>>> print(open('input10.tsv').read())   # TSV, C-alpha atoms
chain	number	residue	atom	x	y	z
A	1	MET	CA	0.00	0.00	0.00
A	2	ARG	CA	1.33	3.39	-0.93
A	3	HIS	CA	0.58	4.96	2.43
A	4	LEU	CA	2.33	2.16	4.25
A	5	LEU	CA	5.36	2.67	2.05
A	6	LEU	CA	5.48	6.24	3.32
A	7	SER	CA	4.87	5.09	6.88
A	8	THR	CA	7.93	2.84	6.87
A	9	VAL	CA	10.06	5.99	6.88
A	10	LEU	CA	8.92	6.54	10.45
A	11	ILE	CA	10.88	3.49	11.56
A	12	CYS	CA	14.08	5.26	10.53
A	13	ALA	CA	13.79	7.02	13.87
A	14	THR	CA	14.50	3.79	15.71
A	15	SER	CA	18.13	3.91	14.64
A	16	LEU	CA	18.33	7.39	16.16
A	17	ALA	CA	16.58	6.54	19.40
A	18	GLN	CA	18.72	3.43	20.10
A	19	ALA	CA	15.84	1.67	21.82
A	20	GLU	CA	16.73	-1.14	24.19
A	21	ASP	CA	14.62	-4.21	24.87
A	22	ALA	CA	13.22	-4.67	28.37
A	23	ALA	CA	12.32	-7.69	30.48
A	24	LEU	CA	10.65	-8.09	33.87
A	25	ILE	CA	11.62	-11.39	35.51
A	26	VAL	CA	10.11	-12.23	38.91
A	27	GLY	CA	10.23	-15.69	40.46
A	28	ILE	CA	9.00	-16.11	44.04
A	29	SER	CA	9.47	-19.55	45.56
A	30	ASP	CA	9.78	-18.92	49.31
A	31	TYR	CA	6.72	-17.35	50.93
A	32	ASP	CA	6.61	-16.25	54.57
A	33	THR	CA	3.11	-17.54	55.30
A	34	LEU	CA	1.69	-18.87	52.02
A	35	ARG	CA	2.58	-22.18	50.42
A	36	ASP	CA	6.02	-22.18	48.75
A	37	VAL	CA	6.21	-22.58	44.99
A	38	ARG	CA	8.90	-25.10	44.11
A	39	GLY	CA	11.30	-23.99	41.36
A	40	ALA	CA	9.83	-20.51	40.88
A	41	GLY	CA	13.13	-18.81	41.67
A	42	GLN	CA	14.91	-20.69	38.89
A	43	VAL	CA	13.35	-18.33	36.36
A	44	THR	CA	16.25	-15.95	37.02
A	45	ASP	CA	18.74	-18.43	35.55
A	46	ALA	CA	18.05	-16.99	32.09
A	47	VAL	CA	18.74	-13.38	33.12
A	48	PRO	CA	22.43	-13.34	32.02
A	49	SER	CA	21.47	-14.63	28.56
A	50	LEU	CA	18.84	-11.92	28.16
A	51	GLN	CA	21.29	-9.25	29.25
A	52	ARG	CA	23.94	-10.44	26.79
A	53	LEU	CA	21.32	-10.26	24.03
A	54	GLY	CA	20.57	-6.60	24.72
A	55	PHE	CA	17.72	-6.72	27.24
A	56	SER	CA	17.57	-4.48	30.28
A	57	VAL	CA	16.29	-6.85	32.95
A	58	TYR	CA	14.25	-5.75	35.96
A	59	GLY	CA	12.98	-7.65	38.97
A	60	THR	CA	15.66	-10.37	39.00
A	61	GLY	CA	14.41	-12.57	41.81
A	62	GLY	CA	11.60	-12.52	44.31
A	63	SER	CA	13.21	-10.66	47.19
A	64	GLY	CA	12.85	-6.98	47.89
A	65	ASP	CA	10.24	-4.59	46.55
A	66	VAL	CA	9.02	-6.25	43.38
A	67	GLN	CA	6.61	-3.38	42.72
A	68	SER	CA	9.51	-0.92	42.43
A	69	GLN	CA	11.19	-3.18	39.89
A	70	ALA	CA	7.92	-3.47	37.98
A	71	ASN	CA	7.62	0.33	37.93
A	72	ALA	CA	11.17	0.62	36.59
A	73	PHE	CA	10.24	-1.83	33.83
A	74	ALA	CA	7.13	0.22	33.02
A	75	ASN	CA	9.27	3.35	32.70
A	76	ALA	CA	11.60	1.59	30.24
A	77	ALA	CA	8.83	0.05	28.15
A	78	PRO	CA	7.96	3.10	25.96
A	79	ASN	CA	11.50	3.06	24.52
A	80	ALA	CA	11.72	-0.70	23.94
A	81	ASP	CA	11.20	-2.64	20.73
A	82	ARG	CA	10.56	-5.95	22.50
A	83	LEU	CA	9.06	-6.65	25.93
A	84	VAL	CA	9.26	-9.90	27.89
A	85	VAL	CA	7.64	-10.52	31.27
A	86	VAL	CA	7.94	-13.82	33.14
A	87	LEU	CA	6.16	-14.17	36.49
A	88	THR	CA	6.28	-17.34	38.61
A	89	GLY	CA	4.86	-17.81	42.07
A	90	GLN	CA	1.53	-17.54	43.89
A	91	PHE	CA	-1.24	-15.87	41.89
A	92	VAL	CA	-4.60	-14.76	43.27
A	93	THR	CA	-7.65	-13.47	41.41
A	94	ASP	CA	-11.10	-12.05	42.01
A	95	GLY	CA	-12.16	-13.41	38.62
A	96	GLN	CA	-11.54	-10.21	36.70
A	97	ARG	CA	-8.20	-9.09	38.10
A	98	THR	CA	-5.08	-11.11	38.87
A	99	TRP	CA	-2.04	-10.41	41.05
A	100	LEU	CA	1.32	-12.10	41.65
A	101	LEU	CA	1.77	-12.06	45.42
A	102	PRO	CA	5.05	-10.92	47.02
A	103	ALA	CA	7.05	-13.19	49.31
A	104	ASN	CA	5.83	-11.45	52.47
A	105	ALA	CA	2.15	-11.60	51.52
A	106	ALA	CA	-0.28	-12.56	54.27
A	107	THR	CA	-3.57	-14.28	53.59
A	108	PRO	CA	-5.05	-12.06	50.86
A	109	ALA	CA	-7.99	-9.78	51.69
A	110	PRO	CA	-9.93	-7.66	49.17
A	111	PHE	CA	-8.78	-4.23	50.38
A	112	THR	CA	-5.13	-5.07	51.02
A	113	LEU	CA	-4.52	-7.50	48.17
A	114	ALA	CA	-2.63	-5.09	45.93
A	115	ASN	CA	-0.14	-4.07	48.63
A	116	GLY	CA	3.26	-5.12	47.29
A	117	ALA	CA	1.73	-7.35	44.59
A	118	ILE	CA	2.19	-7.11	40.82
A	119	SER	CA	-1.01	-6.50	38.90
A	120	VAL	CA	-1.20	-8.66	35.78
A	121	GLU	CA	-3.64	-6.17	34.23
A	122	THR	CA	-1.09	-3.36	34.65
A	123	VAL	CA	1.57	-5.57	33.10
A	124	LEU	CA	-0.66	-6.19	30.07
A	125	THR	CA	-1.38	-2.47	29.67
A	126	THR	CA	2.36	-1.78	29.75
A	127	MET	CA	3.09	-4.46	27.16
A	128	GLU	CA	0.59	-3.19	24.58
A	129	GLN	CA	3.20	-0.57	23.66
A	130	THR	CA	5.09	-3.15	21.55
A	131	PRO	CA	2.35	-5.11	19.79
A	132	GLY	CA	3.62	-8.17	17.97
A	133	ALA	CA	6.75	-8.27	20.14
A	134	ALA	CA	5.36	-8.57	23.66
A	135	VAL	CA	5.30	-11.90	25.53
A	136	LEU	CA	3.94	-12.50	29.03
A	137	VAL	CA	4.64	-15.88	30.62
A	138	MET	CA	3.05	-16.93	33.93
A	139	GLY	CA	4.07	-20.07	35.79
A	140	ARG	CA	2.11	-21.27	38.82
A	141	ASP	CA	1.67	-24.25	41.12
A	142	THR	CA	-1.75	-25.69	40.34
A	143	ARG	CA	-1.73	-27.56	43.66
A	144	SER	CA	-2.52	-24.24	45.34
A	145	ASP	CA	-5.70	-23.60	43.34
A	146	GLY	CA	-8.74	-23.15	45.55
A	147	ASP	CA	-11.26	-20.76	47.09
A	148	MET	CA	-9.72	-18.29	49.54
A	149	GLY	CA	-12.97	-16.64	50.62
A	150	ASN	CA	-14.04	-13.00	50.23
A	151	GLY	CA	-14.53	-13.56	46.50
A	152	LEU	CA	-10.87	-14.50	45.99
A	153	ARG	CA	-9.24	-17.70	44.79
A	154	ASN	CA	-5.78	-18.95	43.93
A	155	GLY	CA	-4.89	-18.94	40.26
A	156	ILE	CA	-5.22	-16.67	37.23
A	157	GLY	CA	-8.55	-15.08	36.29
A	158	ASP	CA	-10.00	-14.05	32.95
A	159	LEU	CA	-7.59	-11.74	31.14
A	160	ASP	CA	-8.43	-8.86	28.81
A	161	ILE	CA	-5.41	-9.23	26.53
A	162	PRO	CA	-4.50	-6.18	24.41
A	163	SER	CA	-4.01	-6.56	20.68
A	164	GLY	CA	-0.56	-7.85	19.76
A	165	VAL	CA	0.33	-9.28	23.19
A	166	THR	CA	1.10	-13.00	23.55
A	167	VAL	CA	0.17	-14.58	26.91
A	168	VAL	CA	1.46	-18.00	27.99
A	169	GLN	CA	0.31	-19.87	31.09
A	170	GLY	CA	1.42	-23.15	32.58
A	171	SER	CA	3.46	-24.91	35.20
A	172	VAL	CA	6.46	-23.26	36.80
A	173	ALA	CA	8.85	-25.78	35.25
A	174	ALA	CA	7.41	-25.27	31.77
A	175	ALA	CA	7.56	-21.47	32.12
A	176	ASN	CA	11.22	-21.64	33.19
A	177	ASP	CA	12.00	-23.93	30.27
A	178	LEU	CA	10.26	-21.66	27.74
A	179	LEU	CA	12.25	-18.66	28.94
A	180	SER	CA	15.67	-20.32	28.98
A	181	ARG	CA	15.38	-22.60	25.94
A	182	VAL	CA	13.22	-20.47	23.64
A	183	ILE	CA	12.76	-16.81	24.54
A	184	ALA	CA	16.35	-16.21	25.66
A	185	THR	CA	17.79	-18.26	22.80
A	186	PRO	CA	18.48	-16.73	19.35
A	187	GLY	CA	16.05	-18.14	16.80
A	188	GLY	CA	13.69	-19.50	19.46
A	189	ASP	CA	10.07	-19.60	18.27
A	190	VAL	CA	7.72	-18.80	21.14
A	191	ILE	CA	4.64	-20.21	19.41
A	192	ALA	CA	6.39	-23.48	18.55
A	193	GLY	CA	7.62	-23.71	22.13
A	194	VAL	CA	4.09	-23.34	23.50
A	195	ARG	CA	2.58	-25.83	21.07
A	196	GLY	CA	5.33	-28.33	21.75
A	197	SER	CA	4.69	-28.37	25.50
A	198	ARG	CA	1.97	-30.32	27.27
A	199	ASP	CA	2.10	-27.91	30.22
A	200	LEU	CA	1.69	-24.57	28.42
A	201	THR	CA	-1.25	-22.80	26.82
A	202	GLY	CA	-1.17	-19.66	24.72
A	203	SER	CA	-3.71	-16.90	24.18
A	204	GLY	CA	-3.93	-13.42	22.73
A	205	PHE	CA	-1.58	-12.78	19.80
A	206	MET	CA	-0.79	-16.25	18.45
A	207	PRO	CA	0.62	-16.05	14.90
A	208	SER	CA	2.09	-19.04	13.09
A	209	GLY	CA	5.50	-18.15	14.49
A	210	LEU	CA	7.01	-15.56	16.84
A	211	VAL	CA	10.79	-15.18	17.10
A	212	LEU	CA	11.82	-12.38	19.45
A	213	ILE	CA	15.58	-12.78	18.98
A	214	GLU	CA	16.74	-13.43	15.44
A	215	ALA	CA	18.80	-16.57	14.87
A	216	ASN	CA	21.98	-14.71	13.94
A	217	ALA	CA	21.96	-12.44	17.01
A	218	ARG	CA	25.44	-12.15	18.46
A	219	PRO	CA	25.46	-11.59	22.24
A	220	GLY	CA	27.81	-9.30	24.03
A	221	LEU	CA	28.60	-6.95	21.12
A	222	SER	CA	26.93	-3.80	22.41
A	223	ARG	CA	29.16	-0.77	22.12
A	224	PRO	CA	30.36	0.79	25.37
A	225	ILE	CA	28.82	4.16	26.10
A	226	PRO	CA	31.53	6.85	26.26
A	227	SER	CA	31.56	9.02	29.33
A	228	ALA	CA	33.24	12.30	30.09
A	229	PRO	CA	35.64	12.49	33.01
A	230	PRO	CA	34.11	13.73	36.27
A	231	VAL	CA	34.19	17.50	36.58
A	232	SER	CA	36.27	17.29	39.73
A	233	THR	CA	39.12	15.72	37.74
A	234	VAL	CA	39.23	18.50	35.16
A	235	PRO	CA	42.34	20.60	35.80
A	236	SER	CA	41.66	24.22	36.68
A	237	SER	CA	43.79	25.27	33.73
A	238	VAL	CA	41.28	23.70	31.30
A	239	THR	CA	39.14	26.41	29.76
A	240	GLU	CA	35.37	26.44	29.60
A	241	ALA	CA	35.57	26.15	25.83
A	242	THR	CA	37.60	22.93	26.12
A	243	VAL	CA	35.15	21.42	28.60
A	244	TRP	CA	32.27	22.36	26.28
A	245	ASP	CA	33.98	20.70	23.33
A	246	GLN	CA	34.50	17.55	25.40
A	247	THR	CA	30.86	17.62	26.52
A	248	ARG	CA	29.60	17.91	22.95
A	249	ALA	CA	31.86	15.04	21.88
A	250	VAL	CA	30.39	12.72	24.54
A	251	ASP	CA	26.86	14.05	24.03
A	252	ASP	CA	25.02	12.26	26.84
A	253	GLN	CA	22.95	13.39	29.80
A	254	ALA	CA	25.72	12.88	32.34
A	255	ALA	CA	28.17	15.03	30.35
A	256	TYR	CA	25.77	17.98	29.99
A	257	THR	CA	24.80	17.73	33.66
A	258	ARG	CA	28.46	17.88	34.67
A	259	TYR	CA	29.02	20.88	32.42
A	260	LEU	CA	26.10	22.73	34.05
A	261	ASP	CA	27.36	21.82	37.52
A	262	ARG	CA	30.71	23.41	36.70
A	263	TYR	CA	29.47	26.33	34.60
A	264	PRO	CA	25.84	27.08	35.62
A	265	ASP	CA	26.11	30.55	34.08
A	266	GLY	CA	28.63	29.69	31.37
A	267	PRO	CA	28.38	30.93	27.79
A	268	HIS	CA	27.05	27.53	26.67
A	269	ALA	CA	24.70	26.93	29.61
A	270	ALA	CA	21.56	27.61	27.56
A	271	ALA	CA	22.70	25.22	24.83
A	272	ALA	CA	23.50	22.58	27.45
A	273	VAL	CA	20.03	22.90	28.99
A	274	GLN	CA	18.41	22.62	25.56
A	275	ARG	CA	20.41	19.53	24.60
A	276	LEU	CA	19.79	17.94	27.99
A	277	THR	CA	16.05	18.45	27.50
A	278	GLU	CA	16.27	16.82	24.07
A	279	LEU	CA	18.18	13.80	25.38
A	280	ARG	CA	15.59	13.29	28.11
A	281	ASP	CA	12.81	13.21	25.52
A	282	PRO	CA	12.64	9.63	24.14
A	283	ASN	CA	10.33	10.65	21.30
A	284	LEU	CA	12.42	13.52	19.95
A	285	ALA	CA	14.04	11.49	17.15
A	286	TYR	CA	10.67	10.18	16.00
A	287	ARG	CA	9.15	13.65	15.85
A	288	GLN	CA	12.08	15.07	13.91
A	289	VAL	CA	11.65	12.44	11.19
A	290	GLU	CA	7.87	12.81	11.16
A	291	ASP	CA	8.02	16.59	10.97
A	292	ALA	CA	10.56	16.44	8.16
A	293	LEU	CA	8.15	14.33	6.10
A	294	ASN	CA	5.78	17.32	6.15
A	295	LEU	CA	2.72	15.10	5.62
A	296	PRO	CA	-0.67	16.85	5.66
A	297	LEU	CA	-3.20	15.84	8.29
A	298	GLU	CA	-5.28	13.72	5.90
A	299	ALA	CA	-2.21	11.79	4.75
A	300	ARG	CA	-1.39	10.95	8.37
A	301	ARG	CA	-4.96	9.80	8.94
A	302	ALA	CA	-4.76	7.66	5.80
A	303	ILE	CA	-1.66	5.90	7.17
A	304	GLN	CA	-3.48	5.22	10.42
A	305	ARG	CA	-6.53	3.91	8.57
A	306	ASP	CA	-4.36	1.55	6.49
A	307	LEU	CA	-2.74	0.19	9.65
A	308	GLN	CA	-6.11	-0.30	11.32
A	309	VAL	CA	-7.45	-2.19	8.30
A	310	LEU	CA	-4.44	-4.52	8.49
A	311	GLY	CA	-5.14	-5.17	12.18
A	312	TYR	CA	-2.61	-2.87	13.83
A	313	ASP	CA	-4.12	-0.64	16.51
A	314	THR	CA	-2.96	2.99	16.22
A	315	ARG	CA	-5.15	4.04	19.16
A	316	GLY	CA	-7.14	6.41	17.02
A	317	ILE	CA	-7.32	7.92	13.55
A	318	ASP	CA	-6.62	11.54	14.40
A	319	GLY	CA	-3.58	12.32	12.25
A	320	ILE	CA	-1.35	12.54	15.31
A	321	PHE	CA	1.62	10.20	15.32
A	322	GLY	CA	1.98	9.18	18.96
A	323	PRO	CA	3.14	5.99	20.71
A	324	GLY	CA	0.19	4.01	19.33
A	325	THR	CA	0.90	4.81	15.69
A	326	ARG	CA	4.64	4.31	16.07
A	327	ALA	CA	4.12	0.93	17.74
A	328	ALA	CA	1.67	-0.07	14.99
A	329	VAL	CA	4.14	0.82	12.24
A	330	LYS	CA	6.94	-1.17	13.90
A	331	SER	CA	4.62	-4.13	14.45
A	332	TRP	CA	3.54	-4.07	10.79
A	333	ALA	CA	7.16	-3.99	9.68
A	334	ARG	CA	8.09	-6.94	11.89
A	335	GLN	CA	5.32	-9.02	10.36
A	336	GLU	CA	6.13	-7.84	6.84
A	337	TRP	CA	9.73	-9.03	7.08
A	338	ARG	CA	9.14	-11.71	9.75
A	339	ARG	CA	11.99	-10.43	11.87
A	340	PRO	CA	12.93	-7.26	13.75
A	341	VAL	CA	13.48	-4.51	11.21
A	342	ARG	CA	16.06	-1.79	11.06
A	343	LEU	CA	15.69	0.61	8.19
A	344	SER	CA	18.64	2.36	6.61
A	345	CYS	CA	17.86	5.53	4.73
A	346	ARG	CA	20.04	6.98	2.04
A	347	GLY	CA	20.12	10.57	0.99
A	348	THR	CA	20.35	13.87	2.80
A	349	ASP	CA	16.81	15.17	2.35
A	350	ILE	CA	14.87	13.13	4.89
A	351	ALA	CA	11.55	13.99	3.25
A	352	ASP	CA	12.68	12.13	0.13
A	353	ARG	CA	14.00	9.06	1.91
A	354	SER	CA	10.98	6.86	1.31
A	355	ALA	CA	12.53	5.85	-2.00
A	356	GLY	CA	15.84	5.04	-0.34
A	357	CYS	CA	14.75	3.11	2.78
A	358	GLN	CA	15.37	-0.60	2.96
A	359	SER	CA	15.09	-3.23	5.66
A	360	VAL	CA	18.30	-4.83	6.81
A	361	GLY	CA	18.07	-8.32	8.27
A	362	SER	CA	19.95	-11.53	8.67
A	363	THR	CA	19.54	-12.67	5.09
A	364	GLY	CA	20.22	-9.48	3.23
A	365	SER	CA	17.95	-6.56	2.42
A	366	ARG	CA	14.51	-6.13	1.02
A	367	SER	CA	13.46	-2.87	-0.55
A	368	ALA	CA	10.56	-1.08	1.06
A	369	ASP	CA	9.20	-0.74	-2.45
A	370	ALA	CA	8.25	-4.41	-2.19
A	371	ALA	CA	5.49	-3.35	0.22
A	372	ARG	CA	3.62	-1.72	-2.67
A	373	GLY	CA	0.36	-3.19	-3.87
>>> encode(input="input10.tsv", output="structure tokens")
Amino acid sequence: MRHLLLSTVLICATSLAQAEDAALIVGISDYDTLRDVRGAGQVTDAVPSLQRLGFSVYGTGGSGDVQSQANAFANAAPNADRLVVVLTGQFVTDGQRTWLLPANAATPAPFTLANGAISVETVLTTMEQTPGAAVLVMGRDTRSDGDMGNGLRNGIGDLDIPSGVTVVQGSVAAANDLLSRVIATPGGDVIAGVRGSRDLTGSGFMPSGLVLIEANARPGLSRPIPSAPPVSTVPSSVTEATVWDQTRAVDDQAAYTRYLDRYPDGPHAAAAVQRLTELRDPNLAYRQVEDALNLPLEARRAIQRDLQVLGYDTRGIDGIFGPGTRAAVKSWARQEWRRPVRLSCRGTDIADRSAGCQSVGSTGSRSADAARG
């Protein structure tokens, strides 16, 4: 479709934003008063593999404040291309809502249930930001299923799964195995893993295949982030102009903050504040590309309509390219090329790049022009 050809240019911004994948891994085996869940803590064994493959991992283990780790994951999610959540332990539900209970949970009561627990509904809402690349796995001990009184019972209730989110449920052992042998393994197909297990069931987004980490992914090759020397180590003889040049060369939040600490009223203070504001805005790169396209309002609406027709939720057809539209475009591209897509754009005039964008994957490149028709 012609409009979708234009929309693929939006994904060029991903190379500017340097998005990082995020995972929330929580396994709680030892409960203070509730029944222990054997093997739940083993879910963290796959954390090093995920980290080597580029995931920022939150909630590693069941000790401490799991809600704080879940909040940190939620803050990282808008900038991620892929989201993985694996929860193992004691679940409780009122039929419509479900929570993973923390290790120090007492016998659940309706008005105190959410204290320290992780809401599965909140997790699902967070994961809808990466449709087509969001997998939630829940492992539980079915021996604990039963009525707890006050309208509560052990287990997982009915889930309202957002479009594009894959949900897997099953035994703790099967959940651990799916994470370590499939999700955290390059080339692992989540759908095949679910269908090949007697102890797992899948719901929500269930395509014929879903590979989160391409087969040729090479772990441990992320480039180190340069950092400027601490301000306190800068010799007094170094001029402000030299420090500013060093700050611009590093070009990260820490460098500009250090410059402002040293020269709050310096000649480049205003520029430092402006750049710091830009770096703290995760959507800046997207907006710059979108604005450069100079598409009229109706053209933007047409792109959103095309995506909706193809089954990708843009969260409205208003001509405004927000997180919903950007996530829909990336999800469409992943399905179009059946693997995570990075677009390279040739040329200097970004408004003309639609003719020069191509996907780059493990088996070569495919011109975006192939999306026509």
>>> atom_distance(input="input10.tsv", atom1="CA of Gly27 in chain A", atom2="CA of Ala217 in chain A")
26.4 Å
>>> atom_distance(input="input10.tsv", atom1="CA of Arg82 in chain A", atom2="CA of Thr98 in chain A")
23.2 Å
>>> closest_residue(input="input10.tsv", among="A:Tyr256, A:Trp99, A:Tyr31, A:Tyr312", to="Arg326 in chain A", atoms="only C-alpha atoms")
A:Tyr312
>>> residues_around(input="input10.tsv", residues="Ala105 in chain A", least_positions_apart="2", cutoff="8 Å", atoms="all atoms listed in the file", output="tab-separated table (two decimals) with C-alpha atoms, keeping the file's coordinate frame")
chain	number	residue	atom	x	y	z
A	31	TYR	CA	6.72	-17.35	50.93
A	32	ASP	CA	6.61	-16.25	54.57
A	33	THR	CA	3.11	-17.54	55.30
A	34	LEU	CA	1.69	-18.87	52.02
A	101	LEU	CA	1.77	-12.06	45.42
A	102	PRO	CA	5.05	-10.92	47.02
A	103	ALA	CA	7.05	-13.19	49.31
A	107	THR	CA	-3.57	-14.28	53.59
A	108	PRO	CA	-5.05	-12.06	50.86
A	116	GLY	CA	3.26	-5.12	47.29
>>> residues_around(input="input10.tsv", residues="Ile28 in chain A", least_positions_apart="5", cutoff="12 Å", atoms="all atoms listed in the file", output="JSON list (two decimals) with C-alpha atoms, in the frame of the given file")
[["chain", "number", "residue", "atom", "x", "y", "z"],
["A", 34, "LEU", "CA", 1.69, -18.87, 52.02],
["A", 35, "ARG", "CA", 2.58, -22.18, 50.42],
["A", 36, "ASP", "CA", 6.02, -22.18, 48.75],
["A", 37, "VAL", "CA", 6.21, -22.58, 44.99],
["A", 38, "ARG", "CA", 8.90, -25.10, 44.11],
["A", 39, "GLY", "CA", 11.30, -23.99, 41.36],
["A", 40, "ALA", "CA", 9.83, -20.51, 40.88],
["A", 41, "GLY", "CA", 13.13, -18.81, 41.67],
["A", 42, "GLN", "CA", 14.91, -20.69, 38.89],
["A", 43, "VAL", "CA", 13.35, -18.33, 36.36],
["A", 44, "THR", "CA", 16.25, -15.95, 37.02],
["A", 59, "GLY", "CA", 12.98, -7.65, 38.97],
["A", 60, "THR", "CA", 15.66, -10.37, 39.00],
["A", 61, "GLY", "CA", 14.41, -12.57, 41.81],
["A", 62, "GLY", "CA", 11.60, -12.52, 44.31],
["A", 63, "SER", "CA", 13.21, -10.66, 47.19],
["A", 64, "GLY", "CA", 12.85, -6.98, 47.89],
["A", 65, "ASP", "CA", 10.24, -4.59, 46.55],
["A", 66, "VAL", "CA", 9.02, -6.25, 43.38],
["A", 86, "VAL", "CA", 7.94, -13.82, 33.14],
["A", 87, "LEU", "CA", 6.16, -14.17, 36.49],
["A", 88, "THR", "CA", 6.28, -17.34, 38.61],
["A", 89, "GLY", "CA", 4.86, -17.81, 42.07],
["A", 90, "GLN", "CA", 1.53, -17.54, 43.89],
["A", 91, "PHE", "CA", -1.24, -15.87, 41.89],
["A", 100, "LEU", "CA", 1.32, -12.10, 41.65],
["A", 101, "LEU", "CA", 1.77, -12.06, 45.42],
["A", 102, "PRO", "CA", 5.05, -10.92, 47.02],
["A", 103, "ALA", "CA", 7.05, -13.19, 49.31],
["A", 104, "ASN", "CA", 5.83, -11.45, 52.47],
["A", 105, "ALA", "CA", 2.15, -11.60, 51.52],
["A", 117, "ALA", "CA", 1.73, -7.35, 44.59],
["A", 118, "ILE", "CA", 2.19, -7.11, 40.82],
["A", 138, "MET", "CA", 3.05, -16.93, 33.93],
["A", 139, "GLY", "CA", 4.07, -20.07, 35.79],
["A", 140, "ARG", "CA", 2.11, -21.27, 38.82],
["A", 141, "ASP", "CA", 1.67, -24.25, 41.12],
["A", 172, "VAL", "CA", 6.46, -23.26, 36.80]]
>>> closest_residue(input="input10.tsv", among="A:Pro267, A:Gly132, A:Gly155, A:Gly188", to="Ser171 in chain A", atoms="all atoms listed in the file")
A:Gly155
>>> atom_distance(input="input10.tsv", atom1="CA of Leu295 in chain A", atom2="CA of Thr314 in chain A")
17.1 Å
>>> residues_near_point(input="input10.tsv", point="(15.9, -15.6, 28.6)", cutoff="12 Å", atoms="only C-alpha atoms", output="PDB file with C-alpha atoms, in the coordinates of the input")
ATOM      1  CA  ALA A  22      13.220  -4.670  28.370  1.00  0.00           C
ATOM      2  CA  ALA A  23      12.320  -7.690  30.480  1.00  0.00           C
ATOM      3  CA  LEU A  24      10.650  -8.090  33.870  1.00  0.00           C
ATOM      4  CA  ILE A  25      11.620 -11.390  35.510  1.00  0.00           C
ATOM      5  CA  GLN A  42      14.910 -20.690  38.890  1.00  0.00           C
ATOM      6  CA  VAL A  43      13.350 -18.330  36.360  1.00  0.00           C
ATOM      7  CA  THR A  44      16.250 -15.950  37.020  1.00  0.00           C
ATOM      8  CA  ASP A  45      18.740 -18.430  35.550  1.00  0.00           C
ATOM      9  CA  ALA A  46      18.050 -16.990  32.090  1.00  0.00           C
ATOM     10  CA  VAL A  47      18.740 -13.380  33.120  1.00  0.00           C
ATOM     11  CA  PRO A  48      22.430 -13.340  32.020  1.00  0.00           C
ATOM     12  CA  SER A  49      21.470 -14.630  28.560  1.00  0.00           C
ATOM     13  CA  LEU A  50      18.840 -11.920  28.160  1.00  0.00           C
ATOM     14  CA  GLN A  51      21.290  -9.250  29.250  1.00  0.00           C
ATOM     15  CA  ARG A  52      23.940 -10.440  26.790  1.00  0.00           C
ATOM     16  CA  LEU A  53      21.320 -10.260  24.030  1.00  0.00           C
ATOM     17  CA  GLY A  54      20.570  -6.600  24.720  1.00  0.00           C
ATOM     18  CA  PHE A  55      17.720  -6.720  27.240  1.00  0.00           C
ATOM     19  CA  SER A  56      17.570  -4.480  30.280  1.00  0.00           C
ATOM     20  CA  VAL A  57      16.290  -6.850  32.950  1.00  0.00           C
ATOM     21  CA  THR A  60      15.660 -10.370  39.000  1.00  0.00           C
ATOM     22  CA  LEU A  83       9.060  -6.650  25.930  1.00  0.00           C
ATOM     23  CA  VAL A  84       9.260  -9.900  27.890  1.00  0.00           C
ATOM     24  CA  VAL A  85       7.640 -10.520  31.270  1.00  0.00           C
ATOM     25  CA  VAL A  86       7.940 -13.820  33.140  1.00  0.00           C
ATOM     26  CA  VAL A 135       5.300 -11.900  25.530  1.00  0.00           C
ATOM     27  CA  VAL A 137       4.640 -15.880  30.620  1.00  0.00           C
ATOM     28  CA  ALA A 175       7.560 -21.470  32.120  1.00  0.00           C
ATOM     29  CA  ASN A 176      11.220 -21.640  33.190  1.00  0.00           C
ATOM     30  CA  ASP A 177      12.000 -23.930  30.270  1.00  0.00           C
ATOM     31  CA  LEU A 178      10.260 -21.660  27.740  1.00  0.00           C
ATOM     32  CA  LEU A 179      12.250 -18.660  28.940  1.00  0.00           C
ATOM     33  CA  SER A 180      15.670 -20.320  28.980  1.00  0.00           C
ATOM     34  CA  ARG A 181      15.380 -22.600  25.940  1.00  0.00           C
ATOM     35  CA  VAL A 182      13.220 -20.470  23.640  1.00  0.00           C
ATOM     36  CA  ILE A 183      12.760 -16.810  24.540  1.00  0.00           C
ATOM     37  CA  ALA A 184      16.350 -16.210  25.660  1.00  0.00           C
ATOM     38  CA  THR A 185      17.790 -18.260  22.800  1.00  0.00           C
ATOM     39  CA  PRO A 186      18.480 -16.730  19.350  1.00  0.00           C
ATOM     40  CA  GLY A 188      13.690 -19.500  19.460  1.00  0.00           C
ATOM     41  CA  VAL A 190       7.720 -18.800  21.140  1.00  0.00           C
ATOM     42  CA  LEU A 212      11.820 -12.380  19.450  1.00  0.00           C
ATOM     43  CA  ILE A 213      15.580 -12.780  18.980  1.00  0.00           C
TER      44      ILE A 213
END
>>> closest_residue(input="input10.tsv", among="A:Gln246, A:Gln169, A:Thr201, A:Asn79", to="Leu136 in chain A", atoms="only C-alpha atoms")
A:Gln169
>>> closest_residue(input="input10.tsv", among="A:Gly170, A:Gly311, A:Gly95, A:Gly164", to="Arg198 in chain A", atoms="all atoms listed in the file")
A:Gly170
>>> residues_near_point(input="input10.tsv", point="(34.6, 25.3, 24.5)", cutoff="12 Å", atoms="all atoms listed in the file", output="ChimeraX atom specification")
/A:238-249,259,263,266-269,271-272
>>> residues_around(input="input10.tsv", residues="Gln308 in chain A", least_positions_apart="3", cutoff="12 Å", atoms="all atoms listed in the file", output="list in words")
Leu4, Ser163, Arg301, Ala302, Ile303, Gln304, Arg305, Gly311, Tyr312, Asp313, Thr314, Arg315, Gly316, Ile317, Gly324, Thr325, Ala328, Val329, Ser331 and Trp332 of chain A
>>> closest_residue(input="input10.tsv", among="A:Asp94, A:Ala133, A:Leu200, A:Ala192", to="Gly151 in chain A", atoms="all atoms listed in the file")
A:Asp94
